[in-house]
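*Asks:* What follows is upload.txt, made up of compact mmCIF, C-alpha atoms:
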# COMPACT_ATOMS: atom_id res chain seq x y z
CA MET A 1 22.71 20.63 27.19
CA THR A 2 21.71 19.09 23.87
CA LEU A 3 20.24 15.61 24.03
CA LYS A 4 20.87 13.22 21.18
CA ILE A 5 18.40 11.90 18.66
CA ALA A 6 18.86 8.17 18.04
CA ASP A 7 19.99 7.21 14.56
CA ARG A 8 16.91 4.99 14.16
CA GLY A 9 14.79 8.15 14.27
CA ARG A 10 16.67 9.78 11.41
CA VAL A 11 14.69 8.09 8.64
CA PRO A 12 13.85 10.13 5.55
CA PRO A 13 10.46 11.83 5.40
CA PHE A 14 7.51 10.39 3.50
CA LEU A 15 7.49 13.09 0.83
CA VAL A 16 3.91 12.54 -0.32
CA MET A 17 2.78 13.56 3.18
CA ASP A 18 4.77 16.78 2.77
CA VAL A 19 2.90 17.35 -0.50
CA LEU A 20 -0.39 16.73 1.31
CA ARG A 21 0.61 19.23 4.01
CA ASP A 22 1.39 21.91 1.41
CA ALA A 23 -1.77 21.12 -0.56
CA SER A 24 -3.87 21.39 2.60
CA ALA A 25 -2.28 24.75 3.42
CA ARG A 26 -3.15 25.96 -0.08
CA GLU A 27 -6.75 24.82 0.40
CA ALA A 28 -6.94 26.51 3.81
CA ALA A 29 -5.92 29.76 2.10
CA GLY A 30 -8.89 29.42 -0.25
CA ALA A 31 -7.14 28.10 -3.35
CA SER A 32 -8.37 25.16 -5.41
CA VAL A 33 -6.51 21.85 -5.06
CA LEU A 34 -7.02 18.65 -7.03
CA HIS A 35 -5.75 15.76 -4.89
CA LEU A 36 -3.93 13.15 -6.96
CA GLU A 37 -1.08 12.75 -4.47
CA ILE A 38 -2.27 10.31 -1.80
CA GLY A 39 -3.67 6.82 -2.12
CA GLN A 40 -6.85 7.55 -0.24
CA PRO A 41 -10.17 6.56 -1.82
CA SER A 42 -12.43 9.58 -1.89
CA ALA A 43 -15.65 7.55 -1.49
CA GLY A 44 -15.42 6.77 2.23
CA ILE A 45 -17.24 3.86 3.87
CA PRO A 46 -20.64 2.74 2.53
CA ASN A 47 -23.75 3.69 4.48
CA GLU A 48 -24.30 0.02 5.29
CA VAL A 49 -21.04 -0.05 7.25
CA ALA A 50 -22.00 3.05 9.21
CA HIS A 51 -25.43 1.59 9.97
CA GLY A 52 -23.93 -1.71 11.08
CA LEU A 53 -21.51 0.10 13.36
CA ALA A 54 -24.31 2.21 14.83
CA ALA A 55 -26.30 -0.95 15.52
CA ALA A 56 -23.35 -2.48 17.36
CA LEU A 57 -22.96 0.65 19.48
CA GLU A 58 -26.66 0.86 20.27
CA ALA A 59 -26.82 -2.82 21.25
CA GLY A 60 -24.45 -2.08 24.09
CA THR A 61 -23.28 -5.69 24.26
CA ASP A 62 -19.65 -4.68 23.73
CA PRO A 63 -18.14 -1.85 25.83
CA MET A 64 -15.65 -1.10 23.03
CA GLY A 65 -12.77 -1.93 25.31
CA TYR A 66 -9.65 -3.93 24.49
CA THR A 67 -9.94 -7.01 22.34
CA MET A 68 -7.49 -9.88 22.05
CA ALA A 69 -4.20 -8.72 20.59
CA GLN A 70 -5.07 -10.69 17.43
CA GLY A 71 -8.45 -8.98 17.08
CA LEU A 72 -12.09 -10.03 17.31
CA PRO A 73 -12.63 -13.72 16.45
CA ARG A 74 -15.64 -12.87 14.23
CA LEU A 75 -13.58 -10.42 12.16
CA ARG A 76 -10.75 -12.93 11.73
CA GLU A 77 -13.26 -15.55 10.60
CA ARG A 78 -14.71 -13.18 8.00
CA ILE A 79 -11.23 -12.29 6.70
CA ALA A 80 -10.45 -15.99 6.32
CA ALA A 81 -13.75 -16.67 4.55
CA HIS A 82 -13.18 -13.77 2.16
CA ALA A 83 -9.69 -15.08 1.33
CA GLU A 84 -11.21 -18.42 0.36
CA ARG A 85 -13.71 -16.69 -1.93
CA LEU A 86 -11.08 -14.46 -3.54
CA TYR A 87 -8.29 -17.01 -4.02
CA GLY A 88 -9.94 -20.41 -3.68
CA HIS A 89 -7.42 -21.06 -0.92
CA SER A 90 -8.54 -21.75 2.63
CA VAL A 91 -6.93 -19.87 5.51
CA ASP A 92 -7.16 -20.92 9.14
CA PRO A 93 -8.63 -17.96 11.09
CA ALA A 94 -6.10 -18.74 13.82
CA ARG A 95 -3.39 -17.52 11.43
CA VAL A 96 -5.17 -14.20 10.80
CA PHE A 97 -3.79 -11.44 13.02
CA CYS A 98 -5.45 -8.02 13.04
CA THR A 99 -3.24 -4.95 13.48
CA MET A 100 -3.36 -1.16 13.77
CA GLY A 101 -3.18 -0.66 10.03
CA SER A 102 -0.77 -2.32 7.64
CA SER A 103 2.02 -0.08 9.01
CA ALA A 104 1.82 -1.88 12.36
CA ALA A 105 1.56 -5.17 10.49
CA PHE A 106 4.88 -4.52 8.75
CA LEU A 107 6.54 -3.52 12.01
CA ILE A 108 5.33 -6.68 13.77
CA ALA A 109 6.33 -8.87 10.83
CA PHE A 110 9.80 -7.34 10.53
CA LEU A 111 10.48 -7.54 14.28
CA ALA A 112 9.29 -11.14 14.46
CA ALA A 113 11.01 -12.42 11.32
CA PHE A 114 14.35 -10.58 11.25
CA ALA A 115 17.18 -9.70 13.61
CA PRO A 116 19.27 -6.51 13.63
CA GLY A 117 21.84 -6.76 10.86
CA ASP A 118 19.70 -9.01 8.67
CA ARG A 119 19.30 -8.05 5.02
CA VAL A 120 15.93 -7.81 3.27
CA ALA A 121 15.53 -7.35 -0.48
CA LEU A 122 12.79 -5.24 -2.04
CA ALA A 123 11.97 -3.72 -5.39
CA SER A 124 12.87 -0.16 -6.31
CA PRO A 125 10.71 1.73 -7.15
CA GLY A 126 8.63 0.65 -4.20
CA TYR A 127 6.73 1.86 -1.15
CA PRO A 128 9.18 3.96 0.91
CA ALA A 129 7.97 2.89 4.35
CA TYR A 130 9.34 -0.62 3.73
CA ARG A 131 12.93 0.54 3.71
CA HIS A 132 12.40 3.26 6.33
CA ILE A 133 10.85 0.85 8.87
CA LEU A 134 13.57 -1.70 8.15
CA LYS A 135 16.28 0.88 8.79
CA ALA A 136 14.58 2.09 11.97
CA VAL A 137 14.73 -1.41 13.47
CA GLY A 138 18.31 -2.10 12.39
CA ILE A 139 17.62 -4.23 9.29
CA GLU A 140 19.42 -3.48 6.03
CA PRO A 141 17.26 -2.88 2.94
CA VAL A 142 18.73 -4.31 -0.27
CA LEU A 143 17.22 -2.53 -3.27
CA LEU A 144 16.49 -4.50 -6.42
CA GLN A 145 16.23 -2.14 -9.39
CA VAL A 146 13.20 -3.16 -11.45
CA GLY A 147 11.80 -1.77 -14.68
CA PRO A 148 9.85 -2.59 -17.82
CA GLU A 149 12.01 -5.63 -18.54
CA THR A 150 10.69 -7.37 -15.39
CA HIS A 151 7.23 -5.75 -15.35
CA PHE A 152 8.48 -3.58 -12.47
CA GLN A 153 8.60 -6.67 -10.21
CA PRO A 154 11.44 -8.75 -8.71
CA THR A 155 12.24 -12.16 -10.21
CA PRO A 156 13.73 -15.35 -8.74
CA GLU A 157 16.85 -14.75 -10.85
CA MET A 158 17.52 -11.53 -8.92
CA LEU A 159 18.01 -13.62 -5.79
CA ASP A 160 20.77 -15.72 -7.36
CA GLY A 161 23.97 -15.17 -5.42
CA LEU A 162 22.28 -12.60 -3.18
CA ASP A 163 22.87 -12.95 0.56
CA VAL A 164 19.52 -11.89 2.05
CA ASP A 165 17.27 -13.07 4.86
CA GLY A 166 14.01 -11.77 3.43
CA LEU A 167 12.21 -10.47 0.36
CA ILE A 168 9.29 -8.03 0.23
CA VAL A 169 7.01 -8.18 -2.79
CA ALA A 170 3.97 -6.01 -3.51
CA SER A 171 1.34 -6.99 -6.06
CA PRO A 172 -0.30 -4.71 -7.06
CA SER A 173 2.64 -2.44 -6.40
CA ASN A 174 2.77 1.07 -5.05
CA PRO A 175 3.78 3.24 -6.95
CA THR A 176 3.63 1.39 -10.27
CA GLY A 177 0.40 -0.61 -10.07
CA SER A 178 2.19 -3.57 -11.66
CA MET A 179 1.12 -7.08 -10.64
CA LEU A 180 2.74 -10.48 -10.42
CA SER A 181 0.86 -13.21 -12.24
CA PRO A 182 -0.08 -16.19 -10.05
CA GLU A 183 2.68 -18.17 -11.79
CA ALA A 184 5.28 -15.47 -11.11
CA LEU A 185 4.26 -15.20 -7.44
CA ARG A 186 4.44 -18.98 -7.09
CA ALA A 187 7.98 -18.99 -8.52
CA LEU A 188 9.12 -16.30 -6.08
CA ALA A 189 7.39 -17.94 -3.09
CA GLU A 190 8.81 -21.37 -3.80
CA THR A 191 12.30 -19.99 -4.43
CA CYS A 192 12.26 -18.08 -1.15
CA HIS A 193 11.00 -21.05 0.85
CA ALA A 194 13.59 -23.38 -0.67
CA ARG A 195 16.43 -20.96 0.11
CA GLY A 196 15.33 -20.05 3.65
CA ILE A 197 14.38 -16.51 2.66
CA ARG A 198 11.33 -15.16 4.50
CA LEU A 199 8.84 -13.78 1.97
CA ILE A 200 6.73 -10.80 3.04
CA SER A 201 3.88 -10.31 0.55
CA ASP A 202 2.15 -6.93 0.55
CA GLU A 203 -1.41 -7.62 -0.67
CA ILE A 204 -3.11 -4.43 0.53
CA TYR A 205 -4.38 -3.55 -2.97
CA HIS A 206 -6.01 -6.92 -3.57
CA GLY A 207 -9.49 -6.43 -4.91
CA ILE A 208 -8.39 -3.44 -7.00
CA GLY A 209 -7.42 -4.90 -10.36
CA TYR A 210 -8.24 -4.57 -14.03
CA GLY A 211 -8.10 -8.02 -15.57
CA MET A 212 -5.25 -9.95 -13.95
CA ARG A 213 -6.03 -12.62 -11.36
CA PHE A 214 -5.08 -12.09 -7.74
CA ALA A 215 -3.03 -14.72 -5.94
CA THR A 216 -1.89 -14.90 -2.34
CA ALA A 217 1.56 -15.98 -1.23
CA THR A 218 0.18 -18.25 1.48
CA ALA A 219 -1.18 -20.52 -1.27
CA PHE A 220 2.36 -21.22 -2.47
CA SER A 221 4.55 -21.19 0.65
CA PRO A 222 4.04 -22.31 4.26
CA SER A 223 6.64 -19.77 5.44
CA ALA A 224 5.33 -16.65 3.68
CA VAL A 225 3.85 -13.70 5.58
CA VAL A 226 0.93 -11.78 4.06
CA VAL A 227 0.16 -8.16 4.92
CA ASN A 228 -3.23 -6.70 4.08
CA SER A 229 -5.34 -3.70 5.06
CA PHE A 230 -8.83 -2.24 5.15
CA SER A 231 -7.51 1.11 3.88
CA LYS A 232 -7.62 0.66 0.12
CA TYR A 233 -10.28 -1.69 -1.33
CA TYR A 234 -12.45 -1.14 1.78
CA CYS A 235 -11.99 2.68 1.83
CA MET A 236 -11.11 2.75 5.56
CA THR A 237 -7.81 4.68 5.65
CA GLY A 238 -8.41 6.61 8.87
CA TRP A 239 -9.79 3.60 10.74
CA ARG A 240 -6.24 2.23 11.05
CA LEU A 241 -6.93 -1.47 10.68
CA GLY A 242 -4.97 -4.11 8.83
CA TRP A 243 -4.12 -7.76 9.18
CA LEU A 244 -1.43 -10.37 8.80
CA VAL A 245 -1.70 -13.97 7.69
CA LEU A 246 1.15 -15.62 9.56
CA PRO A 247 2.92 -18.96 9.38
CA GLU A 248 2.61 -21.11 12.47
CA ASP A 249 6.15 -20.40 13.67
CA MET A 250 5.54 -16.63 13.95
CA LEU A 251 2.18 -16.60 15.75
CA ARG A 252 3.37 -16.41 19.34
CA ALA A 253 6.13 -13.89 18.57
CA ALA A 254 3.64 -11.65 16.79
CA GLU A 255 1.19 -11.95 19.68
CA CYS A 256 3.77 -10.93 22.27
CA LEU A 257 5.00 -8.02 20.16
CA ALA A 258 1.47 -6.76 19.54
CA GLN A 259 0.52 -7.08 23.22
CA ASN A 260 3.43 -4.88 24.23
CA LEU A 261 3.52 -2.41 21.34
CA PHE A 262 -0.18 -1.88 20.60
CA ILE A 263 -2.31 -3.87 23.15
CA SER A 264 -4.97 -4.47 20.46
CA PRO A 265 -6.33 -2.92 17.27
CA PRO A 266 -9.06 -0.26 17.63
CA THR A 267 -12.23 -2.08 18.67
CA ILE A 268 -14.65 0.27 16.93
CA SER A 269 -12.72 -0.17 13.67
CA GLN A 270 -12.94 -3.94 14.00
CA HIS A 271 -16.73 -3.80 14.25
CA ALA A 272 -16.90 -1.54 11.19
CA ALA A 273 -14.60 -3.84 9.23
CA THR A 274 -16.72 -6.86 10.09
CA ALA A 275 -19.72 -5.08 8.54
CA ALA A 276 -17.66 -4.10 5.47
CA PHE A 277 -17.74 -7.68 4.21
CA ASP A 278 -21.46 -7.22 3.58
CA CYS A 279 -20.70 -4.45 1.06
CA LEU A 280 -18.43 -6.13 -1.48
CA ASP A 281 -20.68 -5.17 -4.39
CA THR A 282 -20.31 -1.51 -3.42
CA PHE A 283 -16.53 -1.78 -3.29
CA ASP A 284 -16.43 -3.60 -6.62
CA ALA A 285 -18.45 -0.76 -8.17
CA LEU A 286 -15.85 1.69 -6.88
CA VAL A 287 -13.10 -0.40 -8.46
CA ALA A 288 -14.92 -0.19 -11.79
CA GLY A 289 -14.82 3.58 -11.40
CA TYR A 290 -11.10 3.48 -10.67
CA GLY A 291 -10.68 1.53 -13.89
CA ARG A 292 -12.43 4.24 -15.87
CA ASN A 293 -10.23 6.86 -14.20
CA ARG A 294 -7.15 4.83 -15.05
CA ASP A 295 -8.02 4.67 -18.73
CA LEU A 296 -8.91 8.36 -18.80
CA LEU A 297 -5.68 9.39 -17.06
CA VAL A 298 -3.35 7.17 -19.10
CA ALA A 299 -4.88 8.34 -22.38
CA GLY A 300 -4.95 11.98 -21.31
CA LEU A 301 -1.32 11.98 -20.16
CA ALA A 302 -0.24 10.35 -23.43
CA LYS A 303 -1.85 13.22 -25.35
CA LEU A 304 0.24 15.58 -23.21
CA GLY A 305 3.43 13.73 -24.15
CA ILE A 306 3.66 11.78 -20.88
CA ASP A 307 3.40 8.35 -22.44
CA LYS A 308 6.05 6.30 -20.62
CA VAL A 309 4.19 4.77 -17.68
CA ALA A 310 4.53 1.59 -15.64
CA PRO A 311 1.85 -1.06 -16.34
CA PRO A 312 -1.11 -0.07 -14.12
CA ASP A 313 -2.50 -3.60 -13.68
CA GLY A 314 -4.02 -2.85 -10.29
CA ALA A 315 -4.15 -0.41 -7.34
CA PHE A 316 -4.93 3.19 -8.37
CA TYR A 317 -1.65 4.77 -9.45
CA VAL A 318 0.07 5.86 -12.64
CA TYR A 319 3.86 6.05 -12.31
CA ALA A 320 5.06 8.23 -15.16
CA ASP A 321 8.47 9.08 -16.60
CA VAL A 322 8.65 12.88 -16.88
CA SER A 323 12.39 13.21 -17.48
CA HIS A 324 11.73 14.84 -20.88
CA LEU A 325 10.25 17.86 -19.09
CA GLY A 326 13.73 18.78 -17.81
CA LEU A 327 12.86 19.24 -14.13
CA ASP A 328 13.64 17.11 -11.09
CA SER A 329 10.45 15.44 -9.89
CA ALA A 330 10.45 17.26 -6.54
CA GLU A 331 10.68 20.63 -8.24
CA LEU A 332 8.13 19.61 -10.86
CA CYS A 333 5.64 18.58 -8.15
CA ARG A 334 6.28 21.78 -6.19
CA ARG A 335 5.65 23.97 -9.21
CA MET A 336 2.67 21.92 -10.38
CA LEU A 337 0.95 22.43 -7.03
CA ALA A 338 1.87 26.11 -6.75
CA GLU A 339 0.98 27.03 -10.34
CA THR A 340 -1.96 24.72 -11.13
CA GLY A 341 -3.28 23.35 -7.84
CA VAL A 342 -2.71 19.77 -9.03
CA ALA A 343 -1.07 17.71 -6.27
CA VAL A 344 0.97 14.64 -7.23
CA ALA A 345 3.81 12.67 -5.59
CA PRO A 346 7.50 12.93 -6.55
CA GLY A 347 9.31 9.76 -7.56
CA TRP A 348 12.02 10.32 -4.96
CA ASP A 349 9.66 8.80 -2.40
CA PHE A 350 9.72 5.47 -4.22
CA ASP A 351 13.18 5.29 -5.79
CA PRO A 352 16.10 6.93 -3.94
CA ASP A 353 18.35 6.49 -6.99
CA GLY A 354 16.27 7.33 -10.06
CA GLY A 355 13.18 8.94 -8.56
CA GLY A 356 13.99 12.35 -9.96
CA ARG A 357 12.70 11.16 -13.34
CA PHE A 358 9.22 10.03 -12.20
CA ILE A 359 6.02 11.27 -10.62
CA ARG A 360 3.04 9.31 -9.30
CA PHE A 361 -0.59 10.15 -9.95
CA SER A 362 -3.30 8.66 -7.70
CA TYR A 363 -6.69 8.23 -9.40
CA CYS A 364 -8.93 6.94 -6.58
CA CYS A 365 -10.87 10.19 -6.82
CA ALA A 366 -13.93 11.38 -8.70
CA GLU A 367 -13.80 11.22 -12.51
CA GLY A 368 -14.32 14.98 -12.59
CA THR A 369 -11.12 15.47 -10.60
CA VAL A 370 -9.12 13.53 -13.20
CA ASN A 371 -10.67 15.53 -16.05
CA ALA A 372 -10.02 18.83 -14.29
CA ALA A 373 -6.39 17.88 -13.56
CA LEU A 374 -5.78 17.00 -17.21
CA ASP A 375 -7.32 20.33 -18.29
CA ARG A 376 -5.02 22.27 -15.96
CA LEU A 377 -1.93 20.33 -17.06
CA ARG A 378 -2.85 20.83 -20.71
CA ALA A 379 -2.72 24.58 -20.20
CA TRP A 380 0.34 24.56 -17.95
CA LEU A 381 2.86 22.13 -19.46
CA PRO A 382 3.63 24.35 -22.49
CA THR A 383 4.75 27.09 -20.08
CA LEU A 384 7.58 25.03 -18.58
Go through the file and emit its structure as structure tokens.
*Replies:*
Amino acid sequence: MTLKIADRGRVPPFLVMDVLRDASAREAAGASVLHLEIGQPSAGIPNEVAHGLAAALEAGTDPMGYTMAQGLPRLRERIAAHAERLYGHSVDPARVFCTMGSSAAFLIAFLAAFAPGDRVALASPGYPAYRHILKAVGIEPVLLQVGPETHFQPTPEMLDGLDVDGLIVASPSNPTGSMLSPEALRALAETCHARGIRLISDEIYHGIGYGMRFATATAFSPSAVVVNSFSKYYCMTGWRLGWLVLPEDMLRAAECLAQNLFISPPTISQHAATAAFDCLDTFDALVAGYGRNRDLLVAGLAKLGIDKVAPPDGAFYVYADVSHLGLDSAELCRRMLAETGVAVAPGWDFDPDGGGRFIRFSYCCAEGTVNAALDRLRAWLPTL
């Protein structure tokens, strides 16, 4: 007898993780791989965070058992205080809700804010897990095609005449790195609130920017939901810790969902994250390094004829048009890894309609890795 697989489980794969799997297999076989495929800072946590965590363990005052579903009060207070420093906008720690990574934060937010059959708009190209999680919980993604004419971001005008219950925005965006100005985010937030559209603002790359000011959606709308994470700016990908800033009307729903789905975020990760706020200078120095990598990569790709890229205002990605090379992005990425050892992500992950024309480079690695990747591509591209 064959048992069925529920339709909600038939979401597309996250292709960049397939690339990582193949790259790891190549490395295990002894071949050289340059990792520009995943958005994982190569630096890891600062020593100060490790020392602070060790001190908490040695003190023995906390058995590292369950915490409140919302997370440790001290961590939520530090998140709120950091938001005030970064944005000049105060956040009540009671509205800060810690989660098992931003992935769990999105799931909790979507389940609390939307019902099966609701429609949620989001930019394309955009992070694939948005639409895959939405589909898995019975919510319809509505793709808004964005490009250079809108700075690769949605606009209030795109919502005109559109029957949707929610809008997801990401600034800085994955995969493009484009950012909304504070004025543009305000316009979107106010439009959504006025029309009864729940705004979900992905702010997980805040802190990683190259000149534009960061703004948070909660400063412009009492109904907006903010998603953030310790994975990117704080270099804590494997610690699986994120947070939400929730409007008052969603707090109890989120608490009940988290209690039943996750119990609480990892306690040891919460202690480490609390110590991370003492290391902001270290993280800012890493961001300066990402900026140098960005400039190096954009200039180097242009010399190789890959000069049509989305505006990399923030995050650590370059989203490049490679249609002139004559290969679908999935095939191009496969051959690039197999023939040069350079691992990058195919655009199909981020744009199910036009992704065959684009690839994404991640530059949160060492400067030497970027230089080596450009050297290999310089020798390889003429062979295509």
*Asks:* Of the candidates A:Leu134, A:Ala129, A:Val96, A:Leu257, which shows the shortest atom-to-atom distance to Met17 in chain A, using only C-alpha atoms?
*Replies:* A:Ala129
*Asks:* Counting all atoms listed in the file, which of A:Ala285, A:Gln270, A:Ser329, A:Ala320 gets nearest to Ala56 in chain A?
*Replies:* A:Gln270
*Asks:* Choose the residue, out of A:Ala54, A:Ala215, A:Ile79, A:Gln145, that has the smallest atom-to-atom separation from Ala272 in chain A; count all atoms listed in the file.
*Replies:*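 Among the listed residues, the smallest separation from Ala272 in chain A belongs to A:Ala54.
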*Asks:* Please provide as number ranges by chain all residues within 12 Å of range 65-73 of chain A, with the sequence filter that same-chain residues fewer than 4 positions apart are discarded (counting all atoms listed in the file).
*Replies:* A: 60-61, 77-80, 92-100, 105, 108, 241-246, 251-274
*Asks:* Rounded to one decimal in Å, what is the spacing between CA of Gly138 in chain A and CA of Pro116 in chain A?
*Replies:*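 Distance between the two atoms: 4.7 Å.
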*Asks:* Give me, as a ChimeraX atom specification, all polymer residues having an atom no more than 7 Å from Asp118 in chain A, counting all atoms listed in the file and skipping those fewer than 4 positions away in the same chain.
*Replies:* /A:114,139-140,165
